[in-house]
Structures are given as structure tokens and as C-alpha cells.
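What follows is the content of structure05.txt (compact mmCIF, C-alpha atoms and all ligand atoms).
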```txt
# COMPACT_ATOMS: atom_id res chain seq x y z
CA MET L 22 0.00 0.00 0.00
CA LYS L 23 1.58 3.28 -1.09
CA ASN L 24 -0.86 5.43 -3.02
CA VAL L 25 -4.34 5.19 -1.58
CA LEU L 26 -7.73 6.66 -2.51
CA VAL L 27 -10.18 6.90 0.40
CA ILE L 28 -13.68 7.35 -1.00
CA GLY L 29 -15.95 8.88 1.65
CA SER L 30 -12.97 10.44 3.46
CA THR L 31 -15.08 12.97 5.38
CA GLY L 32 -17.37 10.31 6.88
CA GLN L 33 -17.21 8.56 10.25
CA ILE L 34 -14.48 6.05 9.30
CA GLY L 35 -12.83 7.96 6.45
CA SER L 36 -12.00 11.09 8.44
CA GLU L 37 -9.81 9.09 10.86
CA LEU L 38 -8.55 6.45 8.41
CA THR L 39 -7.24 9.02 5.92
CA LEU L 40 -5.21 10.85 8.58
CA GLU L 41 -3.83 7.59 9.99
CA LEU L 42 -2.77 6.41 6.51
CA ARG L 43 -1.05 9.77 5.93
CA ARG L 44 0.80 9.30 9.24
CA GLN L 45 1.83 5.72 8.42
CA ILE L 46 2.73 6.30 4.72
CA PRO L 47 4.29 9.80 4.68
CA ASP L 48 5.85 9.39 1.23
CA GLY L 49 2.67 8.08 -0.45
CA ASN L 50 -0.28 9.88 -2.04
CA ILE L 51 -3.18 9.39 0.36
CA VAL L 52 -6.06 11.02 -1.50
CA ALA L 53 -9.10 12.18 0.47
CA GLY L 54 -12.04 11.54 -1.85
CA TYR L 55 -15.23 13.46 -1.06
CA ILE L 56 -18.50 14.58 -2.62
CA LYS L 57 -19.95 18.08 -2.93
CA GLY L 58 -21.64 19.07 0.33
CA ALA L 59 -19.21 16.94 2.39
CA GLU L 60 -15.96 18.83 1.79
CA PRO L 61 -12.86 18.16 3.89
CA HIS L 62 -11.75 20.71 6.51
CA GLY L 63 -8.84 21.25 8.90
CA ASP L 64 -6.07 18.61 8.91
CA LEU L 65 -7.83 16.44 6.37
CA LEU L 66 -7.78 19.29 3.87
CA THR L 67 -4.27 20.52 4.54
CA SER L 68 -2.27 17.34 5.16
CA GLY L 69 -2.58 15.76 1.68
CA PRO L 70 -4.34 15.71 -1.67
CA CYS L 71 -8.14 15.98 -1.82
CA GLU L 72 -10.32 15.21 -4.86
CA ILE L 73 -14.02 15.02 -5.62
CA ALA L 74 -14.65 11.26 -5.91
CA ASP L 75 -18.26 10.33 -6.52
CA VAL L 76 -18.70 6.53 -6.67
CA THR L 77 -21.42 6.90 -9.27
CA ASN L 78 -18.97 8.65 -11.65
CA ALA L 79 -16.61 5.97 -12.99
CA GLU L 80 -14.69 8.33 -15.26
CA GLN L 81 -13.91 10.69 -12.39
CA LEU L 82 -12.64 7.80 -10.24
CA ALA L 83 -10.47 6.41 -13.07
CA GLN L 84 -8.85 9.82 -13.57
CA ILE L 85 -7.93 10.03 -9.87
CA VAL L 86 -6.50 6.51 -9.93
CA ASP L 87 -4.31 7.44 -12.94
CA LYS L 88 -3.28 10.86 -11.61
CA TYR L 89 -2.00 9.54 -8.25
CA GLU L 90 -1.00 6.00 -9.38
CA ILE L 91 -3.41 4.59 -6.82
CA ASP L 92 -2.78 0.98 -5.75
CA THR L 93 -5.41 0.66 -3.00
CA ILE L 94 -8.99 1.96 -2.79
CA TYR L 95 -10.95 2.19 0.47
CA ASN L 96 -14.56 2.39 -0.66
CA LEU L 97 -16.38 3.90 2.33
CA ALA L 98 -19.30 5.50 0.47
CA ALA L 99 -22.57 4.19 1.94
CA LEU L 100 -25.91 5.11 3.45
CA LEU L 101 -26.23 3.57 6.92
CA SER L 102 -29.03 1.19 7.85
CA ALA L 103 -31.85 3.51 9.00
CA VAL L 104 -31.30 6.05 6.19
CA ALA L 105 -31.06 3.24 3.62
CA GLU L 106 -34.53 2.06 4.74
CA ALA L 107 -35.86 5.55 4.03
CA LYS L 108 -34.02 5.87 0.68
CA PRO L 109 -33.61 2.31 -0.67
CA LEU L 110 -33.00 3.25 -4.32
CA LEU L 111 -30.32 5.76 -3.42
CA ALA L 112 -28.71 3.16 -1.15
CA TRP L 113 -28.68 0.68 -4.04
CA ASP L 114 -27.18 3.25 -6.39
CA ILE L 115 -24.35 4.21 -4.05
CA GLN L 116 -23.66 0.79 -2.60
CA MET L 117 -24.06 -1.40 -5.71
CA ASN L 118 -23.60 0.76 -8.82
CA GLY L 119 -20.79 2.55 -6.99
CA LEU L 120 -19.14 -0.74 -6.07
CA ILE L 121 -19.19 -2.15 -9.59
CA ASN L 122 -17.60 1.07 -10.88
CA ILE L 123 -14.81 0.67 -8.36
CA LEU L 124 -14.31 -3.04 -9.01
CA GLU L 125 -14.09 -2.48 -12.77
CA ILE L 126 -11.49 0.27 -12.28
CA ALA L 127 -9.58 -1.99 -9.88
CA ARG L 128 -9.63 -4.81 -12.44
CA ASP L 129 -8.34 -2.53 -15.16
CA LYS L 130 -5.74 -0.68 -13.10
CA LYS L 131 -4.71 -3.47 -10.70
CA CYS L 132 -5.83 -1.88 -7.41
CA ALA L 133 -6.67 -3.64 -4.15
CA VAL L 134 -10.13 -2.77 -2.80
CA PHE L 135 -11.59 -2.61 0.72
CA THR L 136 -15.39 -2.22 0.87
CA PRO L 137 -16.70 -2.74 4.40
CA SER L 138 -19.53 -5.06 5.25
CA SER L 139 -21.41 -4.94 8.55
CA ILE L 140 -23.35 -6.82 11.19
CA GLY L 141 -26.19 -5.63 8.94
CA ALA L 142 -25.28 -8.43 6.50
CA PHE L 143 -27.03 -10.84 8.90
CA GLY L 144 -30.74 -11.29 9.44
CA PRO L 145 -33.33 -12.69 11.87
CA ASN L 146 -32.56 -16.36 11.13
CA THR L 147 -28.80 -15.97 11.61
CA PRO L 148 -27.56 -17.50 14.92
CA LYS L 149 -27.49 -14.56 17.36
CA GLU L 150 -24.86 -15.76 19.82
CA ASN L 151 -21.30 -16.30 18.60
CA THR L 152 -22.50 -15.72 15.04
CA PRO L 153 -20.16 -17.86 12.89
CA GLN L 154 -18.04 -16.51 10.04
CA ASP L 155 -19.93 -18.65 7.53
CA THR L 156 -23.63 -18.83 8.29
CA ILE L 157 -27.14 -17.88 7.11
CA GLN L 158 -27.27 -14.35 5.66
CA ARG L 159 -30.86 -13.38 4.86
CA PRO L 160 -31.13 -9.71 6.00
CA LYS L 161 -34.48 -7.93 5.77
CA THR L 162 -33.15 -4.39 5.18
CA MET L 163 -31.92 -2.69 1.99
CA TYR L 164 -28.68 -1.95 3.85
CA GLY L 165 -28.27 -5.67 4.57
CA VAL L 166 -29.16 -6.67 1.01
CA THR L 167 -26.46 -4.35 -0.35
CA LYS L 168 -23.93 -5.61 2.22
CA VAL L 169 -24.48 -9.28 1.31
CA ALA L 170 -24.30 -8.39 -2.39
CA THR L 171 -21.11 -6.39 -1.71
CA GLU L 172 -19.50 -9.42 -0.07
CA LEU L 173 -20.52 -11.69 -2.96
CA LEU L 174 -19.50 -9.29 -5.73
CA SER L 175 -16.16 -8.57 -4.08
CA ASP L 176 -15.46 -12.32 -3.79
CA TYR L 177 -16.55 -12.77 -7.40
CA TYR L 178 -14.04 -10.19 -8.65
CA PHE L 179 -11.32 -11.91 -6.63
CA THR L 180 -12.01 -15.43 -7.94
CA LYS L 181 -12.86 -14.47 -11.51
CA TYR L 182 -10.43 -11.60 -12.17
CA GLY L 183 -7.88 -11.79 -9.35
CA VAL L 184 -8.82 -8.36 -7.93
CA ASP L 185 -7.40 -8.18 -4.40
CA THR L 186 -10.65 -7.51 -2.52
CA ARG L 187 -10.73 -7.72 1.29
CA ALA L 188 -13.23 -6.57 3.93
CA VAL L 189 -14.51 -6.82 7.48
CA ARG L 190 -18.03 -6.91 8.90
CA PHE L 191 -18.03 -3.84 11.12
CA PRO L 192 -19.99 -3.71 14.37
CA GLY L 193 -21.48 -0.35 15.44
CA LEU L 194 -18.57 2.10 15.53
CA ILE L 195 -18.02 4.51 18.41
CA SER L 196 -15.84 7.54 17.81
CA ASN L 197 -15.21 10.90 19.46
CA VAL L 198 -14.17 12.58 16.19
CA THR L 199 -16.88 12.39 13.50
CA LEU L 200 -20.51 11.60 14.28
CA PRO L 201 -22.22 8.75 12.45
CA GLY L 202 -25.44 9.56 10.60
CA GLY L 203 -28.50 7.38 10.16
CA GLY L 204 -27.26 4.12 11.67
CA THR L 205 -29.03 1.76 14.06
CA THR L 206 -26.05 1.69 16.43
CA ASP L 207 -25.69 5.52 16.59
CA TYR L 208 -27.23 5.60 20.07
CA ALA L 209 -23.96 4.22 21.46
CA VAL L 210 -22.22 7.41 20.27
CA ASP L 211 -24.99 9.95 20.97
CA ILE L 212 -25.31 8.75 24.58
CA PHE L 213 -21.78 10.02 25.36
CA TYR L 214 -22.46 13.52 23.97
CA SER L 215 -25.60 13.81 26.14
CA ALA L 216 -23.78 12.45 29.19
CA VAL L 217 -20.83 14.87 29.06
CA LYS L 218 -23.09 17.85 28.26
CA GLY L 219 -25.24 17.02 31.30
CA GLU L 220 -28.33 16.39 29.15
CA GLU L 221 -30.85 13.59 29.58
CA PHE L 222 -30.40 10.92 26.90
CA VAL L 223 -33.49 9.56 25.14
CA CYS L 224 -32.52 6.05 24.03
CA PRO L 225 -34.12 4.84 20.76
CA ILE L 226 -33.14 1.19 21.36
CA GLN L 227 -34.81 -0.93 24.05
CA ALA L 228 -33.05 -2.34 27.11
CA GLY L 229 -31.98 -5.93 26.51
CA THR L 230 -31.06 -5.32 22.84
CA PHE L 231 -27.47 -6.53 22.46
CA MET L 232 -25.28 -5.59 19.49
CA ASP L 233 -21.58 -5.78 18.71
CA MET L 234 -19.82 -2.42 19.01
CA MET L 235 -16.23 -1.26 18.45
CA TYR L 236 -14.12 1.76 19.36
CA MET L 237 -12.83 3.62 16.30
CA PRO L 238 -9.07 3.11 16.94
CA ASP L 239 -9.66 -0.66 16.66
CA ALA L 240 -11.75 -0.20 13.51
CA ILE L 241 -8.99 1.86 11.86
CA LYS L 242 -6.43 -0.76 12.87
CA ALA L 243 -8.61 -3.45 11.25
CA CYS L 244 -8.87 -1.48 7.97
CA ILE L 245 -5.09 -1.12 7.74
CA ASP L 246 -4.00 -4.50 9.15
CA LEU L 247 -6.26 -6.46 6.83
CA MET L 248 -4.98 -4.64 3.73
CA ASN L 249 -1.38 -5.24 4.89
CA ALA L 250 -2.00 -8.95 5.67
CA ASP L 251 -0.21 -11.75 3.86
CA PRO L 252 -2.67 -12.75 1.09
CA SER L 253 -1.56 -16.40 1.22
CA LYS L 254 -2.98 -16.66 4.77
CA LEU L 255 -6.45 -15.37 3.82
CA VAL L 256 -8.95 -18.20 3.47
CA HIS L 257 -11.88 -15.80 3.77
CA ARG L 258 -11.81 -12.38 2.16
CA ASN L 259 -15.21 -10.71 1.95
CA ALA L 260 -15.89 -10.24 4.73
CA PHE L 261 -14.36 -11.13 8.13
CA ASN L 262 -16.38 -10.98 11.36
CA ILE L 263 -14.52 -8.69 13.79
CA ALA L 264 -15.64 -8.09 17.37
CA SER L 265 -14.47 -6.43 20.55
CA MET L 266 -17.46 -5.70 22.80
CA SER L 267 -21.18 -6.45 22.94
CA PHE L 268 -23.61 -4.61 25.21
CA ASP L 269 -27.19 -3.42 25.58
CA PRO L 270 -28.17 0.17 26.51
CA GLU L 271 -28.47 -0.69 30.23
CA MET L 272 -24.89 -1.98 30.42
CA LEU L 273 -23.62 1.18 28.74
CA ARG L 274 -25.72 3.41 31.00
CA ASN L 275 -24.29 1.65 34.09
CA GLU L 276 -20.74 2.07 32.83
CA ILE L 277 -21.29 5.81 32.18
CA LEU L 278 -22.79 6.21 35.68
CA LYS L 279 -19.40 5.20 37.15
CA PHE L 280 -17.97 8.45 35.70
CA ILE L 281 -21.05 10.71 35.65
CA PRO L 282 -23.23 9.65 38.64
CA ASP L 283 -26.08 12.08 37.82
CA PHE L 284 -26.41 10.89 34.20
CA LYS L 285 -30.10 10.53 33.24
CA MET L 286 -31.50 8.31 30.50
CA ARG L 287 -35.00 7.27 29.48
CA TYR L 288 -36.31 5.05 26.70
CA GLU L 289 -38.44 6.14 23.73
CA PHE L 290 -37.85 3.48 21.17
CA ASP L 291 -37.74 4.09 17.42
CA SER L 292 -39.65 1.28 15.69
CA VAL L 293 -37.50 1.29 12.51
CA ARG L 294 -34.21 1.13 14.37
CA GLN L 295 -35.53 -1.37 16.93
CA ALA L 296 -36.71 -3.77 14.20
CA ILE L 297 -33.31 -3.55 12.52
CA ALA L 298 -31.44 -4.07 15.81
CA ASP L 299 -33.63 -7.09 16.65
CA SER L 300 -32.64 -8.71 13.35
CA TRP L 301 -28.88 -8.34 13.94
CA PRO L 302 -26.54 -10.63 15.90
CA ASP L 303 -25.96 -10.13 19.63
CA LYS L 304 -22.31 -11.12 19.39
CA MET L 305 -20.14 -12.32 16.50
CA ASP L 306 -17.45 -15.00 16.54
CA ASP L 307 -14.30 -13.40 15.09
CA SER L 308 -11.96 -16.39 15.33
CA CYS L 309 -11.29 -16.52 11.54
CA ALA L 310 -10.01 -12.91 11.58
CA ARG L 311 -7.83 -13.74 14.60
CA GLU L 312 -6.38 -16.84 12.92
CA GLU L 313 -5.99 -15.58 9.34
CA TRP L 314 -4.55 -12.07 9.88
CA GLY L 315 -3.94 -11.67 13.59
CA TRP L 316 -6.96 -9.50 14.48
CA SER L 317 -6.80 -8.48 18.13
CA PRO L 318 -8.74 -5.46 19.46
CA GLU L 319 -7.37 -3.20 22.20
CA TYR L 320 -10.55 -1.71 23.66
CA ASP L 321 -13.39 -3.28 25.63
CA MET L 322 -16.52 -1.49 26.88
CA GLN L 323 -14.79 -0.25 30.05
CA SER L 324 -11.70 1.22 28.40
CA MET L 325 -13.75 2.68 25.50
CA THR L 326 -16.18 4.38 27.93
CA LYS L 327 -13.35 5.89 29.98
CA ASP L 328 -11.61 7.24 26.88
CA MET L 329 -14.83 8.61 25.32
CA ILE L 330 -15.79 10.46 28.51
CA GLU L 331 -12.30 11.84 29.14
CA THR L 332 -11.89 13.04 25.54
CA LEU L 333 -15.35 14.58 25.16
CA SER L 334 -15.25 16.17 28.64
CA GLN L 335 -11.99 17.91 27.75
CA ARG L 336 -13.44 19.13 24.46
CA PHE L 337 -16.65 20.49 25.97
CA SER L 338 -14.95 22.11 28.97
CA LYS L 339 -13.00 24.50 26.66
C1 LIG Q 401 -25.52 1.04 11.26
O1 LIG Q 401 -26.00 1.05 12.39
O2 LIG Q 401 -26.19 1.13 10.22
C2 LIG Q 401 -24.03 0.85 11.12
C3 LIG Q 401 -23.67 -0.59 10.97
C4 LIG Q 401 -23.69 -1.48 12.14
O3 LIG Q 401 -23.37 -1.03 9.91
N1 LIG Q 401 -23.36 1.42 12.24
```
For this file, produce the structure as C-alpha cells.
Ligand code: AKB
Amino acid sequence: MKNVLVIGSTGQIGSELTLELRRQIPDGNIVAGYIKGAEPHGDLLTSGPCEIADVTNAEQLAQIVDKYEIDTIYNLAALLSAVAEAKPLLAWDIQMNGLINILEIARDKKCAVFTPSSIGAFGPNTPKENTPQDTIQRPKTMYGVTKVATELLSDYYFTKYGVDTRAVRFPGLISNVTLPGGGTTDYAVDIFYSAVKGEEFVCPIQAGTFMDMMYMPDAIKACIDLMNADPSKLVHRNAFNIASMSFDPEMLRNEILKFIPDFKMRYEFDSVRQAIADSWPDKMDDSCAREEWGWSPEYDMQSMTKDMIETLSQRFSK
């Protein structure tokens, strides 16, 4: 990996991944790809090249790949689960037509491609506990449909054309840098902002609903470690289960109370998000990722909560 295009660089994952890649590969071209209306700012804008990179515009993407001699593409353009339910055709256009554009360019120009999958690739008849790497995938959401199709299409381009496609199934991601937008797991980020601002948190997900979650530093590590992994060791490619913590809203509330004893939370559940959450696994088995490329997360719920509260408290006290 030397010259990298990050599509969706101003989003929740892209904003941190792009900066980390620029830190780790100082002599490479790490291009921050963005769309109009989501322009890069601050460090992202000033620390390296930035280009408009719309996944639905194949010609534009091919020109960027040529200009910067791109060898690796992180394709992070996506609508998250709840938004994709509201705009299913747009989700299909971005997630599927966008993906095939990228895979065709990668085939032509010999790029490796990372297109994340998600716990959303599973459905209500998937085993909920210790969800295996290879199991039933019959999601009921448009987000899930596009994630399963992404996994299959990425594997197809690897077996048929030798395109080096690799991916992980991300849990809900928790970050103190860029907010997510329109996901089912967003509550696990929003709760921290309410807690440190001293506001009551209205939780859209019911108590007792368990989902896998991950702190962003581990997610960024996964993106980079998998693309740097020895290809001969990869039995699976698209996409690896990765896990680090699983909790329900009550467990997270109790952990936050250890730091902010007067934190208040009540439930007002959102039927769309609750139905999606109910169809997702409680906890994935990530042993294939551990065995095939050495996946090993650093954060659990306790250390993530401490770091989130310390970081956000510092920011909001200024
Ligand atoms: C969402 O909630 O839609 C995402 C995901 C788990 O893929 N965070």
C-alpha cells in the first residue's frame, strides 16, 4: 500500500482512516475523496491531496487513480441502515452501482479494494450468539441486502479476475471525532455527547437489545492491518467478522454512571431502528479474523467508555 484513494474520506471512518494512513505512509499519495456538500476541513484538507470522488462517476474515479498512481482503494461510500430504509433506491445506487464502478477500475488498473460489510449483512434467522463466520445471511433491510451483495460481488471479482478484494463486517462504531449519521447503532455514540453535556439521553433502542460495538481506533487498525495482511494466509476475504465488545443500553448506562453519577436516560424506542437491531446478531465470533490475519482489538466497553468520557469532557470544557 503506497498510493491510496479513500472514498468517503469525510465520513465517520474515512476522516480518521485518511489521517492515519497519511501518518503511516508519509511518502505516499493518500487522497481524500469526497462529494460536494461533504468537503474536507482542517487537517484532512491541509495534510494531503483531496479530490471530488463520486462513486457513481466511474470516469472521475479512473482519472484520480491514474493521476495519483493509486494501488489501493478504500470504498467507504454508503448510506447507513436507517437512512437506507428511508431511501432504498439511493442506497442501491451508491452501494451497488458505486461498487461495480470501483471493481471495474480496480480490475483494469490493478488496485486492491476494501469495501466494508457490517453486522447488517445478517438477518433474523442468523444464529445470534457467537455468530459464525460462515452462516445464514438473509437480511431484511436494503442496507443488509447491499452488504451481502457487496460481499458476494467482491469475492466474485477476486475469484474471476484476481482483484485483491478484502473486507470486514463492522460492528457499530463509536468515535469521538466524526458523528455517524443514520445508523441503528448511533445511540452508542450519541449517549456520550448527552452524558458529558449534562443532558438527559433519550434512548431509541430498548433495554436488553445486544449488538456488537467497536471503538474507532480498533476499527482503523482493522482497515489497515487487513490490507497489509499476507494474502496467502487469507482463506476468507469478503468479509471477516470482527468483534471487541457487545452490550445493551443498560450496560452502557451503568458504565457511564461510574464516571457521571447524575447521568439521566430514558427510553423512547424508534420502531424502525428497533426492528433492525432485533434482526442483527448479539455477538459475532471473530476467530477466523484472529487466525488468518492476527486480528486483536485493544478496547473493551470499560476502556472505551473511559476514553470517550475523558476526551469529550476535555473538548466540551474548553
Ligand atoms: C448502522 O448502524 O447502520 C451501522 C452498521 C452497524 O453497519 N453502524
Worksheet item: Of the candidates L:Cys244, L:Phe222, L:Asn249, L:Pro137, which one gets nearest to Tyr288 of chain L if we count all atoms listed in the file?
Response: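 Among L:Cys244, L:Phe222, L:Asn249, L:Pro137, it is L:Phe222 that comes nearest to Tyr288 of chain L.
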Fill in: Pick from L:Ser338, L:Glu106, L:Gly29, L:Ile51 nearest to Thr167 of chain L, counting all atoms listed in the file
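When distances to Thr167 of chain L are compared using all atoms listed in the file, the smallest one comes from L:Glu106.
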Discussion item. Would you pick out the contacts of Ala133 of chain L at 7 Å or less, using all atoms listed in the file, so that residues sharing its chain but fewer than 3 positions from it are not included, and give the list as a list of chain:residue names?
Written reply: L:Asp92, L:Thr93, L:Ile94, L:Ala127, L:Val184, L:Asp185, L:Thr186
Discussion item. What residues of the protein or nucleic acid chains come within 10 Å of ligand LIG 401 (chain Q) when you use only C-alpha atoms and all ligand atoms? Reply as number ranges by chain.
Written reply: L: 33, 99-105, 137-142, 164-165, 168, 190-195, 201-209, 232-235, 294, 297-298, 301
What would the file look like if the residues just selected were written as a short mmCIF file (atom, residue, chain, number, x, y, z; two decimals), keeping the file's coordinate frame with C-alpha atoms?
```
data_model
loop_
_atom_site.label_atom_id
_atom_site.label_comp_id
_atom_site.auth_asym_id
_atom_site.auth_seq_id
_atom_site.Cartn_x
_atom_site.Cartn_y
_atom_site.Cartn_z
CA GLN L 33 -17.21 8.56 10.25
CA ALA L 99 -22.57 4.19 1.94
CA LEU L 100 -25.91 5.11 3.45
CA LEU L 101 -26.23 3.57 6.92
CA SER L 102 -29.03 1.19 7.85
CA ALA L 103 -31.85 3.51 9.00
CA VAL L 104 -31.30 6.05 6.19
CA ALA L 105 -31.06 3.24 3.62
CA PRO L 137 -16.70 -2.74 4.40
CA SER L 138 -19.53 -5.06 5.25
CA SER L 139 -21.41 -4.94 8.55
CA ILE L 140 -23.35 -6.82 11.19
CA GLY L 141 -26.19 -5.63 8.94
CA ALA L 142 -25.28 -8.43 6.50
CA TYR L 164 -28.68 -1.95 3.85
CA GLY L 165 -28.27 -5.67 4.57
CA LYS L 168 -23.93 -5.61 2.22
CA ARG L 190 -18.03 -6.91 8.90
CA PHE L 191 -18.03 -3.84 11.12
CA PRO L 192 -19.99 -3.71 14.37
CA GLY L 193 -21.48 -0.35 15.44
CA LEU L 194 -18.57 2.10 15.53
CA ILE L 195 -18.02 4.51 18.41
CA PRO L 201 -22.22 8.75 12.45
CA GLY L 202 -25.44 9.56 10.60
CA GLY L 203 -28.50 7.38 10.16
CA GLY L 204 -27.26 4.12 11.67
CA THR L 205 -29.03 1.76 14.06
CA THR L 206 -26.05 1.69 16.43
CA ASP L 207 -25.69 5.52 16.59
CA TYR L 208 -27.23 5.60 20.07
CA ALA L 209 -23.96 4.22 21.46
CA MET L 232 -25.28 -5.59 19.49
CA ASP L 233 -21.58 -5.78 18.71
CA MET L 234 -19.82 -2.42 19.01
CA MET L 235 -16.23 -1.26 18.45
CA ARG L 294 -34.21 1.13 14.37
CA ILE L 297 -33.31 -3.55 12.52
CA ALA L 298 -31.44 -4.07 15.81
CA TRP L 301 -28.88 -8.34 13.94
#
```
Discussion item. As a PyMOL selection string, please: the residues near Ile91 of chain L (cut-off 6 Å, only C-alpha atoms, same-chain neighbours under 5 positions excluded).
Written reply: chain L and resi 24-25+86
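Separating atom CA of Gly119 of chain L from atom CA of Phe135 of chain L is a distance of 13.1 Å.
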Practice prompt. Between atom CA of Glu80 of chain L and atom CA of Asp129 of chain L, measure the distance and give it in Å to one decimal.
Written response: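 These atoms are spaced 12.6 Å apart.
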Item to complete: Considering all atoms listed in the file, state which residue in the set L:Phe268, L:Phe231, L:Tyr182, L:Tyr95 is at the smallest distance from Lys149 of chain L.
Response: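 Closest candidate: L:Phe231.
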Fill in: Separation of atom CA of Gly35 of chain L from atom CA of Thr67 of chain L in Å
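Those two atoms sit 15.3 Å apart.
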Quick one: 6 Å padding each side, axis-aligned, all listed atoms of segment 83-102 of chain L - centre and edge lengths in Å to one decimal, as lines of an AutoDock Vina configuration file?
```
center_x = -15.0
center_y = 5.8
center_z = -2.9
size_x = 40.0
size_y = 22.2
size_z = 33.4
```
Worksheet entry | Who sits within 9 Å of segment 333-336 of chain L, all atoms listed in the file, same chain under 2 positions skipped, as a list in words | Asn197, Phe213, Tyr214, Val217, Lys218, Asp328, Met329, Ile330, Glu331, Ser338 and Lys339 of chain L
Residue subset to file, keeping C-alpha atoms, as a tab-separated table (two decimals), keeping the file's coordinate frame:
```
chain	number	residue	atom	x	y	z
L	197	ASN	CA	-15.21	10.90	19.46
L	213	PHE	CA	-21.78	10.02	25.36
L	214	TYR	CA	-22.46	13.52	23.97
L	217	VAL	CA	-20.83	14.87	29.06
L	218	LYS	CA	-23.09	17.85	28.26
L	328	ASP	CA	-11.61	7.24	26.88
L	329	MET	CA	-14.83	8.61	25.32
L	330	ILE	CA	-15.79	10.46	28.51
L	331	GLU	CA	-12.30	11.84	29.14
L	338	SER	CA	-14.95	22.11	28.97
L	339	LYS	CA	-13.00	24.50	26.66
```
May I ask you to restore N, CA and C atoms in segment 171-194 of chain L and write the result as a PDB file, in the frame of the given file?
```pdb
ATOM      1  N   THR L 171     -22.480  -6.916  -1.676  1.00  0.00           N
ATOM      2  CA  THR L 171     -21.110  -6.390  -1.710  1.00  0.00           C
ATOM      3  C   THR L 171     -20.098  -7.508  -1.421  1.00  0.00           C
ATOM      4  N   GLU L 172     -20.408  -8.308  -0.400  1.00  0.00           N
ATOM      5  CA  GLU L 172     -19.500  -9.420  -0.070  1.00  0.00           C
ATOM      6  C   GLU L 172     -19.374 -10.367  -1.270  1.00  0.00           C
ATOM      7  N   LEU L 173     -20.531 -10.722  -1.862  1.00  0.00           N
ATOM      8  CA  LEU L 173     -20.520 -11.690  -2.960  1.00  0.00           C
ATOM      9  C   LEU L 173     -19.800 -11.142  -4.190  1.00  0.00           C
ATOM     10  N   LEU L 174     -20.097  -9.889  -4.535  1.00  0.00           N
ATOM     11  CA  LEU L 174     -19.500  -9.290  -5.730  1.00  0.00           C
ATOM     12  C   LEU L 174     -17.988  -9.110  -5.549  1.00  0.00           C
ATOM     13  N   SER L 175     -17.588  -8.759  -4.339  1.00  0.00           N
ATOM     14  CA  SER L 175     -16.160  -8.570  -4.080  1.00  0.00           C
ATOM     15  C   SER L 175     -15.441  -9.920  -4.181  1.00  0.00           C
ATOM     16  N   ASP L 176     -16.048 -10.978  -3.640  1.00  0.00           N
ATOM     17  CA  ASP L 176     -15.460 -12.320  -3.790  1.00  0.00           C
ATOM     18  C   ASP L 176     -15.420 -12.739  -5.255  1.00  0.00           C
ATOM     19  N   TYR L 177     -16.473 -12.404  -5.984  1.00  0.00           N
ATOM     20  CA  TYR L 177     -16.550 -12.770  -7.400  1.00  0.00           C
ATOM     21  C   TYR L 177     -15.386 -12.133  -8.178  1.00  0.00           C
ATOM     22  N   TYR L 178     -15.137 -10.857  -7.939  1.00  0.00           N
ATOM     23  CA  TYR L 178     -14.040 -10.190  -8.650  1.00  0.00           C
ATOM     24  C   TYR L 178     -12.684 -10.758  -8.257  1.00  0.00           C
ATOM     25  N   PHE L 179     -12.589 -11.282  -7.032  1.00  0.00           N
ATOM     26  CA  PHE L 179     -11.320 -11.910  -6.630  1.00  0.00           C
ATOM     27  C   PHE L 179     -11.156 -13.240  -7.378  1.00  0.00           C
ATOM     28  N   THR L 180     -12.181 -14.096  -7.331  1.00  0.00           N
ATOM     29  CA  THR L 180     -12.010 -15.430  -7.940  1.00  0.00           C
ATOM     30  C   THR L 180     -11.983 -15.353  -9.468  1.00  0.00           C
ATOM     31  N   LYS L 181     -12.801 -14.495 -10.035  1.00  0.00           N
ATOM     32  CA  LYS L 181     -12.860 -14.470 -11.510  1.00  0.00           C
ATOM     33  C   LYS L 181     -11.732 -13.651 -12.132  1.00  0.00           C
ATOM     34  N   TYR L 182     -11.392 -12.512 -11.530  1.00  0.00           N
ATOM     35  CA  TYR L 182     -10.430 -11.600 -12.170  1.00  0.00           C
ATOM     36  C   TYR L 182      -9.160 -11.384 -11.347  1.00  0.00           C
ATOM     37  N   GLY L 183      -9.081 -11.972 -10.166  1.00  0.00           N
ATOM     38  CA  GLY L 183      -7.880 -11.790  -9.350  1.00  0.00           C
ATOM     39  C   GLY L 183      -7.780 -10.428  -8.689  1.00  0.00           C
ATOM     40  N   VAL L 184      -8.881  -9.660  -8.623  1.00  0.00           N
ATOM     41  CA  VAL L 184      -8.820  -8.360  -7.930  1.00  0.00           C
ATOM     42  C   VAL L 184      -8.665  -8.616  -6.431  1.00  0.00           C
ATOM     43  N   ASP L 185      -7.718  -7.936  -5.812  1.00  0.00           N
ATOM     44  CA  ASP L 185      -7.400  -8.180  -4.400  1.00  0.00           C
ATOM     45  C   ASP L 185      -8.430  -7.470  -3.505  1.00  0.00           C
ATOM     46  N   THR L 186      -9.587  -8.090  -3.349  1.00  0.00           N
ATOM     47  CA  THR L 186     -10.650  -7.510  -2.520  1.00  0.00           C
ATOM     48  C   THR L 186     -10.593  -8.108  -1.120  1.00  0.00           C
ATOM     49  N   ARG L 187     -10.745  -7.268  -0.115  1.00  0.00           N
ATOM     50  CA  ARG L 187     -10.730  -7.720   1.290  1.00  0.00           C
ATOM     51  C   ARG L 187     -11.699  -6.834   2.076  1.00  0.00           C
ATOM     52  N   ALA L 188     -12.294  -7.395   3.144  1.00  0.00           N
ATOM     53  CA  ALA L 188     -13.230  -6.570   3.930  1.00  0.00           C
ATOM     54  C   ALA L 188     -13.490  -7.181   5.300  1.00  0.00           C
ATOM     55  N   VAL L 189     -14.045  -6.353   6.161  1.00  0.00           N
ATOM     56  CA  VAL L 189     -14.510  -6.820   7.480  1.00  0.00           C
ATOM     57  C   VAL L 189     -15.998  -6.514   7.600  1.00  0.00           C
ATOM     58  N   ARG L 190     -16.644  -7.235   8.525  1.00  0.00           N
ATOM     59  CA  ARG L 190     -18.030  -6.910   8.900  1.00  0.00           C
ATOM     60  C   ARG L 190     -17.944  -6.050  10.154  1.00  0.00           C
ATOM     61  N   PHE L 191     -18.158  -4.738   9.981  1.00  0.00           N
ATOM     62  CA  PHE L 191     -18.030  -3.840  11.120  1.00  0.00           C
ATOM     63  C   PHE L 191     -19.219  -3.949  12.058  1.00  0.00           C
ATOM     64  N   PRO L 192     -18.942  -3.933  13.362  1.00  0.00           N
ATOM     65  CA  PRO L 192     -19.990  -3.710  14.370  1.00  0.00           C
ATOM     66  C   PRO L 192     -20.383  -2.226  14.352  1.00  0.00           C
ATOM     67  N   GLY L 193     -21.223  -1.779  15.266  1.00  0.00           N
ATOM     68  CA  GLY L 193     -21.480  -0.350  15.440  1.00  0.00           C
ATOM     69  C   GLY L 193     -20.184   0.322  15.866  1.00  0.00           C
ATOM     70  N   LEU L 194     -19.855   1.451  15.238  1.00  0.00           N
ATOM     71  CA  LEU L 194     -18.570   2.100  15.530  1.00  0.00           C
ATOM     72  C   LEU L 194     -18.760   3.327  16.406  1.00  0.00           C
TER      73      LEU L 194
END
```
